[in-house]
>>> print(open('work_13.txt').read())   # compact mmCIF, C-alpha atoms and all ligand atoms
# COMPACT_ATOMS: atom_id res chain seq x y z
CA MET A 1 128.28 49.71 196.76
CA SER A 2 125.79 46.91 196.17
CA LEU A 3 126.55 44.04 193.86
CA ARG A 4 123.80 45.26 191.55
CA THR A 5 125.32 48.72 191.14
CA PHE A 6 128.69 47.13 190.61
CA ILE A 7 127.43 44.88 187.82
CA LEU A 8 125.49 47.72 186.21
CA GLY A 9 128.66 49.81 186.35
CA LEU A 10 130.63 47.03 184.67
CA VAL A 11 128.04 46.64 181.91
CA ALA A 12 127.98 50.39 181.35
CA SER A 13 131.76 50.80 181.18
CA PHE A 14 132.52 47.82 178.95
CA GLY A 15 129.19 47.50 177.16
CA ILE A 16 129.04 51.06 175.87
CA ALA A 17 132.63 50.92 174.64
CA TRP A 18 131.93 47.59 172.93
CA LEU A 19 128.81 49.00 171.28
CA ALA A 20 130.56 52.13 170.05
CA VAL A 21 133.84 50.58 168.92
CA VAL A 22 132.75 47.17 167.65
CA VAL A 23 129.02 46.75 167.07
CA ILE A 24 128.05 50.13 165.55
CA PRO A 25 131.02 50.30 163.11
CA PHE A 26 130.39 46.68 162.11
CA PHE A 27 126.78 47.36 161.11
CA LYS A 28 127.66 50.67 159.48
CA MET A 29 130.42 49.22 157.33
CA ARG A 30 129.44 45.66 156.53
CA SER A 31 127.24 46.47 153.55
CA LEU A 32 128.34 49.72 151.99
CA GLU A 33 126.07 51.01 149.25
CA PRO A 34 127.80 52.44 146.18
CA ILE A 35 127.65 56.25 146.21
CA VAL A 36 127.00 58.29 143.09
CA HIS A 37 128.85 61.57 142.46
CA ALA A 38 126.53 64.58 142.73
CA GLU A 39 125.26 66.66 139.81
CA GLY A 40 127.41 69.63 138.98
CA THR A 41 130.73 67.89 139.74
CA GLU A 42 133.13 66.64 137.08
CA GLN A 43 132.27 62.99 137.78
CA ALA A 44 128.48 63.61 137.97
CA GLY A 45 126.50 60.38 137.74
CA GLU A 46 129.55 58.08 138.04
CA VAL A 47 129.55 55.52 140.82
CA PHE A 48 132.37 55.80 143.37
CA PHE A 49 133.68 52.24 143.23
CA PRO A 50 137.35 51.46 142.62
CA LYS A 51 137.76 48.17 140.74
CA ARG A 52 140.36 45.63 141.73
CA THR A 53 140.73 42.34 139.91
CA GLY A 54 143.16 39.63 138.73
CA ARG A 55 146.81 39.94 139.63
CA ILE A 56 146.10 42.87 141.94
CA VAL A 57 143.99 40.60 144.12
CA ASN A 58 146.75 37.96 144.20
CA GLY A 59 149.20 40.73 145.08
CA ALA A 60 147.10 41.72 148.08
CA ALA A 61 147.43 38.14 149.34
CA VAL A 62 151.24 38.30 148.94
CA TYR A 63 151.22 41.63 150.79
CA ALA A 64 149.33 39.95 153.64
CA ALA A 65 151.47 36.80 153.67
CA ASN A 66 154.69 38.80 153.99
CA GLY A 67 153.47 41.00 156.79
CA CYS A 68 153.91 44.28 154.89
CA TYR A 69 150.95 45.62 156.88
CA LEU A 70 153.01 45.34 160.08
CA CYS A 71 155.00 48.43 159.07
CA HIS A 72 152.86 50.08 156.39
CA THR A 73 149.42 51.58 156.90
CA GLN A 74 146.91 52.29 154.17
CA VAL A 75 144.81 54.87 155.93
CA ILE A 76 144.99 58.61 155.57
CA ARG A 77 143.18 59.58 158.74
CA PRO A 78 139.98 61.62 158.56
CA THR A 79 140.98 65.10 159.70
CA TYR A 80 138.80 64.91 162.83
CA ALA A 81 141.04 62.07 164.04
CA GLY A 82 144.35 63.88 163.45
CA ASN A 83 145.43 65.58 160.25
CA ASP A 84 147.55 63.47 157.88
CA MET A 85 147.34 65.84 154.98
CA PHE A 86 150.68 67.54 155.65
CA ARG A 87 152.68 64.35 154.98
CA SER A 88 154.06 64.79 151.54
CA ASP A 89 152.08 62.92 148.91
CA TRP A 90 150.62 60.38 151.32
CA GLY A 91 147.00 61.39 150.72
CA GLY A 92 147.50 61.90 146.99
CA LEU A 93 149.64 64.29 144.98
CA ALA A 94 149.84 67.88 146.16
CA ASP A 95 150.59 68.86 142.60
CA ASP A 96 149.17 66.42 140.06
CA GLU A 97 149.89 67.47 136.47
CA ASP A 98 146.29 67.05 135.31
CA ARG A 99 144.18 67.22 138.40
CA GLY A 100 145.98 69.67 140.71
CA ASP A 101 145.85 68.86 144.42
CA THR A 102 144.34 65.37 144.77
CA ARG A 103 145.08 64.81 148.45
CA ARG A 104 142.23 63.49 150.53
CA GLU A 105 141.45 61.18 153.42
CA THR A 106 140.73 57.48 153.10
CA ASN A 107 137.14 56.33 153.56
CA ALA A 108 135.55 52.91 153.97
CA TRP A 109 134.48 52.89 150.29
CA ASP A 110 138.13 52.90 149.22
CA PHE A 111 138.27 49.26 150.28
CA LEU A 112 135.15 48.10 148.43
CA GLY A 113 135.90 44.94 146.48
CA GLU A 114 138.94 44.02 148.60
CA SER A 115 138.56 40.84 150.60
CA TYR A 116 140.60 42.36 153.42
CA ALA A 117 141.23 46.02 154.19
CA HIS A 118 144.96 46.37 154.82
CA ILE A 119 144.72 49.36 157.11
CA GLY A 120 147.98 48.27 158.75
CA VAL A 121 149.34 47.88 162.26
CA THR A 122 152.13 50.43 162.66
CA ARG A 123 153.66 53.19 160.58
CA MET A 124 157.29 52.16 160.62
CA GLY A 125 157.42 52.92 156.89
CA PRO A 126 155.41 55.40 154.83
CA ASP A 127 151.66 54.99 154.33
CA LEU A 128 151.07 53.20 151.03
CA SER A 129 147.51 54.37 150.21
CA ASN A 130 148.81 56.35 147.25
CA PHE A 131 152.14 54.67 146.67
CA GLY A 132 151.22 53.96 143.01
CA ARG A 133 150.76 57.68 142.38
CA ARG A 134 153.98 58.74 144.14
CA LEU A 135 155.96 56.08 142.36
CA GLU A 136 154.86 57.19 138.90
CA ALA A 137 155.10 60.90 139.64
CA ASN A 138 158.22 61.16 141.81
CA TYR A 139 160.40 58.10 142.05
CA LEU A 140 161.05 56.68 138.58
CA GLU A 141 164.34 57.38 136.92
CA GLU A 142 164.51 58.09 133.20
CA GLY A 143 163.27 55.00 131.32
CA GLN A 144 162.68 52.93 134.46
CA SER A 145 159.44 50.91 134.66
CA PRO A 146 157.40 51.07 137.88
CA GLU A 147 157.77 47.30 138.28
CA ASP A 148 161.56 47.62 138.13
CA TRP A 149 161.62 50.25 140.86
CA ILE A 150 159.61 47.91 143.07
CA TYR A 151 161.78 44.87 142.29
CA TYR A 152 165.00 46.69 143.23
CA HIS A 153 163.33 48.15 146.30
CA LEU A 154 162.14 44.77 147.56
CA TYR A 155 165.30 42.90 146.62
CA ARG A 156 167.71 45.22 148.38
CA PRO A 157 166.03 48.39 149.69
CA PHE A 158 169.14 49.85 151.33
CA ASN A 159 170.87 50.11 147.95
CA ARG A 160 168.45 52.77 146.78
CA ALA A 161 170.22 56.03 145.92
CA ASP A 162 167.50 58.23 147.42
CA LEU A 163 167.70 56.68 150.89
CA ARG A 164 169.40 58.75 153.55
CA ILE A 165 172.05 56.95 155.61
CA GLY A 166 170.84 56.03 159.07
CA ARG A 167 167.20 55.93 158.09
CA ALA A 168 165.12 52.83 158.79
CA THR A 169 164.68 50.79 155.66
CA CYS A 170 162.24 48.31 154.32
CA PRO A 171 163.54 44.79 155.00
CA PRO A 172 164.98 42.99 151.95
CA HIS A 173 162.80 40.27 150.46
CA PRO A 174 165.26 38.28 148.27
CA PHE A 175 163.20 35.11 148.77
CA LEU A 176 160.54 36.55 146.44
CA PHE A 177 163.08 36.31 143.60
CA GLU A 178 164.55 33.31 141.82
CA LYS A 179 168.24 32.80 141.35
CA LYS A 180 168.75 30.65 138.29
CA LYS A 181 171.41 29.59 135.81
CA ILE A 182 171.72 31.88 132.83
CA ALA A 183 170.38 30.08 129.77
CA GLY A 184 171.31 31.48 126.37
CA GLN A 185 171.20 35.28 126.43
CA GLY A 186 169.63 35.32 129.85
CA SER A 187 166.25 36.71 130.87
CA ASP A 188 164.99 40.20 129.93
CA GLU A 189 163.66 40.52 133.45
CA ALA A 190 166.96 39.83 135.25
CA LEU A 191 167.90 42.43 137.88
CA ASP A 192 171.21 44.20 137.57
CA VAL A 193 172.57 42.86 140.89
CA ASP A 194 175.52 40.68 141.83
CA ALA A 195 174.64 37.01 141.51
CA CYS A 196 177.04 34.06 141.50
CA GLU A 197 179.00 33.43 138.33
CA GLY A 198 176.70 32.22 135.55
CA HIS A 199 173.52 32.99 137.49
CA GLU A 200 170.90 35.71 137.35
CA VAL A 201 168.21 37.03 139.68
CA VAL A 202 164.69 37.22 138.22
CA PRO A 203 161.43 38.27 139.87
CA GLY A 204 159.18 35.35 140.90
CA SER A 205 155.44 35.18 140.28
CA GLU A 206 154.60 36.35 143.80
CA VAL A 207 156.63 39.54 143.58
CA LYS A 208 155.13 40.25 140.13
CA ALA A 209 151.65 40.09 141.63
CA LEU A 210 152.81 42.20 144.57
CA ALA A 211 154.17 44.82 142.16
CA SER A 212 150.79 44.98 140.35
CA TYR A 213 149.11 45.48 143.69
CA LEU A 214 151.51 48.22 144.83
CA ILE A 215 151.17 50.06 141.50
CA SER A 216 147.38 49.90 141.89
CA LEU A 217 147.50 51.74 145.22
CA LYS A 218 145.93 55.04 144.19
CA LYS A 219 143.29 56.05 146.65
CA ASP A 220 142.94 59.67 145.66
CA GLN A 221 140.03 59.61 143.21
CA ALA A 222 137.58 62.48 143.64
CA VAL A 223 135.06 61.63 146.36
CA PRO A 224 131.38 62.54 146.55
CA ALA A 225 130.84 65.49 148.88
CA GLN A 226 129.30 63.31 151.61
CA LEU A 227 132.60 61.40 151.95
CA ASP A 228 134.89 64.41 152.04
CA PHE A 229 135.62 65.15 155.68
CA SER A 230 138.59 67.43 155.23
CA PRO A 231 137.93 71.04 156.15
CA GLY A 232 140.88 72.16 154.02
CA LYS A 233 144.02 70.71 152.54
CA LYS A 234 146.54 72.49 154.74
C1 LIG B 1 160.03 46.16 159.47
C2 LIG B 1 159.16 47.11 158.85
C3 LIG B 1 158.81 46.95 157.38
C4 LIG B 1 158.22 45.86 156.74
C5 LIG B 1 157.82 44.52 157.32
C6 LIG B 1 158.02 46.27 155.37
N1 LIG B 1 158.47 47.56 155.18
FE1 LIG B 1 158.37 48.64 153.45
N2 LIG B 1 159.32 50.19 154.36
C7 LIG B 1 159.73 50.23 155.68
C8 LIG B 1 160.44 51.49 155.92
C9 LIG B 1 161.06 51.91 157.25
C10 LIG B 1 160.42 52.21 154.70
C11 LIG B 1 161.03 53.61 154.43
C12 LIG B 1 162.45 53.54 153.98
C13 LIG B 1 162.57 52.90 152.63
O1 LIG B 1 162.07 53.49 151.64
O2 LIG B 1 163.14 51.79 152.54
C14 LIG B 1 159.72 51.38 153.74
C15 LIG B 1 159.46 51.74 152.42
C16 LIG B 1 158.68 51.02 151.54
C17 LIG B 1 158.25 51.47 150.23
C18 LIG B 1 158.57 52.83 149.62
C19 LIG B 1 157.49 53.78 150.04
C20 LIG B 1 157.75 55.22 149.66
O3 LIG B 1 156.81 55.89 149.28
O4 LIG B 1 158.91 55.66 149.78
C21 LIG B 1 157.49 50.46 149.69
C22 LIG B 1 156.81 50.45 148.34
C23 LIG B 1 157.47 49.38 150.64
N3 LIG B 1 158.20 49.74 151.76
C24 LIG B 1 156.82 48.18 150.41
C25 LIG B 1 156.82 47.12 151.31
C26 LIG B 1 156.26 45.81 151.03
C27 LIG B 1 155.57 45.44 149.73
C28 LIG B 1 156.47 45.04 152.11
C29 LIG B 1 156.12 43.59 152.30
C30 LIG B 1 156.69 42.67 151.34
C31 LIG B 1 157.14 45.88 153.11
N4 LIG B 1 157.35 47.12 152.59
C32 LIG B 1 157.47 45.45 154.39
C33 LIG B 1 159.52 49.26 156.62
C34 LIG B 1 158.96 48.01 156.39
>>> encode(input="work_13.txt", output="structure tokens", more="lines below")
Ligand code: HEC
Amino acid sequence: MSLRTFILGLVASFGIAWLAVVVIPFFKMRSLEPIVHAEGTEQAGEVFFPKRTGRIVNGAAVYAANGCYLCHTQVIRPTYAGNDMFRSDWGGLADDEDRGDTRRETNAWDFLGESYAHIGVTRMGPDLSNFGRRLEANYLEEGQSPEDWIYYHLYRPFNRADLRIGRATCPPHPFLFEKKKIAGQGSDEALDVDACEGHEVVPGSEVKALASYLISLKKDQAVPAQLDFSPGKK
């Protein structure tokens, strides 16, 4: 083999992969145009653009800083890359009270307006793309607020009643909470957990932002037909 063929071979093997995996996706996704829902659908004329502002944006930064993405993905794969739709309520709710089956795959537009797309590194824990939906529909106990569920989960996940013994758990994040002396009647926000005598545990500002972010995770809005890759829901 001549040196020239060898170099051409190298360029072809690495260059084509680099073009297909890095360069083409970069140009396709760097400036996404808003897509309008087609005539004849329920959302006709509306622009497909989820809004994320304020505390939710701060919460995304806390999510990043604490490495939540190391164990949690936020991508429901397009069906051509391996069906994710069978995982219960990951892609949306199989049985939403108002909208029926809302499960669908994630698309690049779902991350519009986010400064970083937290697609995640591994799936040690459940995918969180639609955690906000699942939480409100399935997890809350009578009278419990969504924030409270999240605070107890992050403070001491293995205390949750619905966890099966021997299952991997989310690591505890007690450092996101403040332990402080009870003043007067104590705080309304205090968690019902053991703290030292005369002290209480209250959520800190970071975990409050993180809770807003987690509650906002609802990536199951109806998509325009050109973004719906799933051949069927099963
Ligand atoms: C070491 C891996 C790991 C890290 C890091 C991690 N988690 Fe988890 N997480 C898990 C596992 C495993 C579960 C499933 C068991 C459970 O519910 O505790 C889980 C469950 C959850 C759930 C419940 C999801 C559901 O639908 O049942 C939420 C919400 C969650 N994690 C949020 C977070 C947040 C926020 C962070 C970052 C502050 C984080 N996790 C960091 C492993 C992790």
>>> residues_near_ligand(input="work_13.txt", ligand="ligand LIG 1 (chain B)", cutoff="7 Å", atoms="only C-alpha atoms and all ligand atoms", output="list in words")
Tyr63, Asn66, Gly67, Cys68, Tyr69, Leu70, Cys71, His72, Met124, Gly125, Pro126, Leu128, Phe131, Arg134, Leu135, Ile150, Leu154, Pro157, Phe158, Leu163, Arg167, Ala168, Thr169, Cys170, Pro171, His173, Leu210 and Leu214 of chain A
>>> atom_distance(input="work_13.txt", atom1="CA of Arg133 (chain A)", atom2="CA of Thr102 (chain A)")
10.3 Å
>>> atom_distance(input="work_13.txt", atom1="CA of Asp188 (chain A)", atom2="CA of Arg55 (chain A)")
20.6 Å
>>> atom_distance(input="work_13.txt", atom1="CA of Val75 (chain A)", atom2="CA of Arg30 (chain A)")
17.9 Å
>>> closest_residue(input="work_13.txt", among="A:Trp90, A:Tyr151, A:Trp109, A:Tyr80", to="Ile35 (chain A)", atoms="only C-alpha atoms")
A:Trp109
